[in-house]
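For reference, model.pdb (PDB, N, CA and C atoms):
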```pdb
ATOM      1  N   PRO R   1       7.828 -32.973 -14.134
ATOM      2  CA  PRO R   1       8.055 -31.575 -13.754
ATOM      3  C   PRO R   1       8.139 -31.409 -12.242
ATOM      4  N   GLU R   2       8.653 -30.285 -11.829
ATOM      5  CA  GLU R   2       8.828 -30.000 -10.409
ATOM      6  C   GLU R   2       7.510 -30.049  -9.643
ATOM      7  N   VAL R   3       6.433 -29.682 -10.312
ATOM      8  CA  VAL R   3       5.131 -29.606  -9.652
ATOM      9  C   VAL R   3       4.737 -30.956  -9.072
ATOM     10  N   PHE R   4       5.111 -32.030  -9.750
ATOM     11  CA  PHE R   4       4.671 -33.352  -9.338
ATOM     12  C   PHE R   4       5.664 -34.075  -8.438
ATOM     13  N   GLN R   5       6.772 -33.455  -8.120
ATOM     14  CA  GLN R   5       7.747 -34.088  -7.244
ATOM     15  C   GLN R   5       7.203 -34.125  -5.823
ATOM     16  N   GLN R   6       7.463 -35.244  -5.155
ATOM     17  CA  GLN R   6       7.006 -35.370  -3.781
ATOM     18  C   GLN R   6       8.119 -34.979  -2.834
ATOM     19  N   GLY R   7       7.739 -34.779  -1.595
ATOM     20  CA  GLY R   7       8.735 -34.427  -0.589
ATOM     21  C   GLY R   7       8.418 -33.066  -0.007
ATOM     22  N   LYS R   8       9.365 -32.582   0.784
ATOM     23  CA  LYS R   8       9.172 -31.278   1.414
ATOM     24  C   LYS R   8       9.074 -30.189   0.360
ATOM     25  N   LYS R   9       8.250 -29.223   0.665
ATOM     26  CA  LYS R   9       8.218 -28.062  -0.214
ATOM     27  C   LYS R   9       9.474 -27.252   0.063
ATOM     28  N   SER R  10      10.085 -26.795  -0.997
ATOM     29  CA  SER R  10      11.304 -26.011  -0.812
ATOM     30  C   SER R  10      10.944 -24.648  -0.233
ATOM     31  N   PRO R  11      11.856 -24.053   0.500
ATOM     32  CA  PRO R  11      11.590 -22.701   0.990
ATOM     33  C   PRO R  11      11.432 -21.766  -0.196
ATOM     34  N   GLN R  12      10.915 -20.591   0.084
ATOM     35  CA  GLN R  12      10.687 -19.644  -1.000
ATOM     36  C   GLN R  12      11.943 -19.478  -1.837
ATOM     37  N   THR R  13      11.743 -19.467  -3.117
ATOM     38  CA  THR R  13      12.879 -19.231  -4.002
ATOM     39  C   THR R  13      13.148 -17.730  -4.043
ATOM     40  N   ALA R  14      14.287 -17.382  -4.574
ATOM     41  CA  ALA R  14      14.641 -15.966  -4.699
ATOM     42  C   ALA R  14      13.622 -15.255  -5.580
ATOM     43  N   GLU R  15      13.136 -15.957  -6.597
ATOM     44  CA  GLU R  15      12.148 -15.360  -7.505
ATOM     45  C   GLU R  15      10.849 -15.047  -6.764
ATOM     46  N   GLU R  16      10.370 -15.991  -5.943
ATOM     47  CA  GLU R  16       9.141 -15.767  -5.184
ATOM     48  C   GLU R  16       9.312 -14.619  -4.201
ATOM     49  N   THR R  17      10.481 -14.539  -3.584
ATOM     50  CA  THR R  17      10.767 -13.455  -2.654
ATOM     51  C   THR R  17      10.736 -12.118  -3.380
ATOM     52  N   LEU R  18      11.341 -12.079  -4.561
ATOM     53  CA  LEU R  18      11.350 -10.855  -5.362
ATOM     54  C   LEU R  18       9.936 -10.463  -5.765
ATOM     55  N   ILE R  19       9.137 -11.432  -6.188
ATOM     56  CA  ILE R  19       7.760 -11.145  -6.592
ATOM     57  C   ILE R  19       6.981 -10.562  -5.422
ATOM     58  N   GLY R  20       7.137 -11.131  -4.237
ATOM     59  CA  GLY R  20       6.462 -10.601  -3.054
ATOM     60  C   GLY R  20       6.873  -9.170  -2.765
ATOM     61  N   ALA R  21       8.162  -8.896  -2.868
ATOM     62  CA  ALA R  21       8.656  -7.538  -2.624
ATOM     63  C   ALA R  21       8.105  -6.569  -3.661
ATOM     64  N   LEU R  22       8.016  -7.011  -4.901
ATOM     65  CA  LEU R  22       7.489  -6.136  -5.955
ATOM     66  C   LEU R  22       6.011  -5.839  -5.735
ATOM     67  N   TYR R  23       5.235  -6.842  -5.316
ATOM     68  CA  TYR R  23       3.822  -6.596  -5.026
ATOM     69  C   TYR R  23       3.668  -5.603  -3.873
ATOM     70  N   GLN R  24       4.528  -5.703  -2.863
ATOM     71  CA  GLN R  24       4.484  -4.744  -1.756
ATOM     72  C   GLN R  24       4.790  -3.343  -2.250
ATOM     73  N   GLU R  25       5.776  -3.222  -3.126
ATOM     74  CA  GLU R  25       6.151  -1.921  -3.681
ATOM     75  C   GLU R  25       5.004  -1.344  -4.511
ATOM     76  N   ILE R  26       4.344  -2.191  -5.300
ATOM     77  CA  ILE R  26       3.204  -1.740  -6.102
ATOM     78  C   ILE R  26       2.102  -1.218  -5.191
ATOM     79  N   GLY R  27       1.812  -1.929  -4.121
ATOM     80  CA  GLY R  27       0.786  -1.486  -3.181
ATOM     81  C   GLY R  27       1.133  -0.149  -2.552
ATOM     82  N   ARG R  28       2.391   0.010  -2.166
ATOM     83  CA  ARG R  28       2.829   1.268  -1.559
ATOM     84  C   ARG R  28       2.706   2.411  -2.556
ATOM     85  N   LEU R  29       3.113   2.175  -3.789
ATOM     86  CA  LEU R  29       3.056   3.220  -4.807
ATOM     87  C   LEU R  29       1.611   3.594  -5.152
ATOM     88  N   LYS R  30       0.708   2.611  -5.156
ATOM     89  CA  LYS R  30      -0.707   2.904  -5.413
ATOM     90  C   LYS R  30      -1.274   3.792  -4.313
ATOM     91  N   MET R  31      -0.930   3.474  -3.065
ATOM     92  CA  MET R  31      -1.416   4.295  -1.946
ATOM     93  C   MET R  31      -0.867   5.714  -2.059
ATOM     94  N   GLU R  32       0.404   5.834  -2.404
ATOM     95  CA  GLU R  32       1.027   7.146  -2.544
ATOM     96  C   GLU R  32       0.376   7.933  -3.680
ATOM     97  N   LEU R  33       0.096   7.264  -4.787
ATOM     98  CA  LEU R  33      -0.545   7.917  -5.928
ATOM     99  C   LEU R  33      -1.943   8.402  -5.556
ATOM    100  N   ASP R  34      -2.717   7.576  -4.863
ATOM    101  CA  ASP R  34      -4.055   7.986  -4.432
ATOM    102  C   ASP R  34      -3.982   9.204  -3.527
ATOM    103  N   TRP R  35      -3.018   9.218  -2.609
ATOM    104  CA  TRP R  35      -2.856  10.352  -1.697
ATOM    105  C   TRP R  35      -2.523  11.617  -2.481
ATOM    106  N   LEU R  36      -1.619  11.490  -3.449
ATOM    107  CA  LEU R  36      -1.232  12.649  -4.256
ATOM    108  C   LEU R  36      -2.404  13.159  -5.097
ATOM    109  N   LYS R  37      -3.219  12.251  -5.618
ATOM    110  CA  LYS R  37      -4.391  12.660  -6.400
ATOM    111  C   LYS R  37      -5.361  13.452  -5.530
ATOM    112  N   LYS R  38      -5.563  13.004  -4.287
ATOM    113  CA  LYS R  38      -6.466  13.719  -3.375
ATOM    114  C   LYS R  38      -5.926  15.104  -3.062
ATOM    115  N   LYS R  39      -4.617  15.190  -2.814
ATOM    116  CA  LYS R  39      -4.007  16.490  -2.514
ATOM    117  C   LYS R  39      -4.095  17.417  -3.722
ATOM    118  N   ALA R  40      -3.884  16.888  -4.919
ATOM    119  CA  ALA R  40      -3.954  17.696  -6.134
ATOM    120  C   ALA R  40      -5.382  18.196  -6.358
ATOM    121  N   ALA R  41      -6.371  17.378  -6.031
ATOM    122  CA  ALA R  41      -7.769  17.773  -6.208
ATOM    123  C   ALA R  41      -8.118  18.929  -5.279
ATOM    124  N   LEU R  42      -7.503  18.976  -4.109
ATOM    125  CA  LEU R  42      -7.774  20.062  -3.166
ATOM    126  C   LEU R  42      -7.229  21.392  -3.670
ATOM    127  N   LEU R  43      -6.219  21.354  -4.520
ATOM    128  CA  LEU R  43      -5.612  22.576  -5.038
ATOM    129  C   LEU R  43      -6.441  23.198  -6.157
ATOM    130  N   ASP R  44      -7.304  22.415  -6.777
ATOM    131  CA  ASP R  44      -8.120  22.945  -7.880
ATOM    132  C   ASP R  44      -9.249  23.808  -7.394
TER
END
```

Kindly present the structure from the file in C-alpha cells form.
Amino acid sequence: PEVFQQGKKSPQTAEETLIGALYQEIGRLKMELDWLKKKAALLD
C-alpha cells in the first residue's frame, strides 16, 4: 500500500486540500452560529 512506500512525501493531494478547506468552513460556520445564538438570546 501507499502507506509503506518509501521516498519523499507527496505534496498535499487535492483531497487533503479540500478536507482542510472544509474544516475551516465548519469552524467559521460554528463561530457564526454561536454569535447568532447570543444575539437571539438578547432579543428574548

Taken to one decimal, the atom N of Lys37 of chain R-atom N of Leu22 of chain R distance is 22.3 Å

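We find atom C of Arg28 of chain R and atom N of Ala40 of chain R to be spaced 16.1 Å apart.
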
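The two atoms in question, atom C of Gly27 of chain R and atom C of Leu43 of chain R, are spaced 24.8 Å apart.
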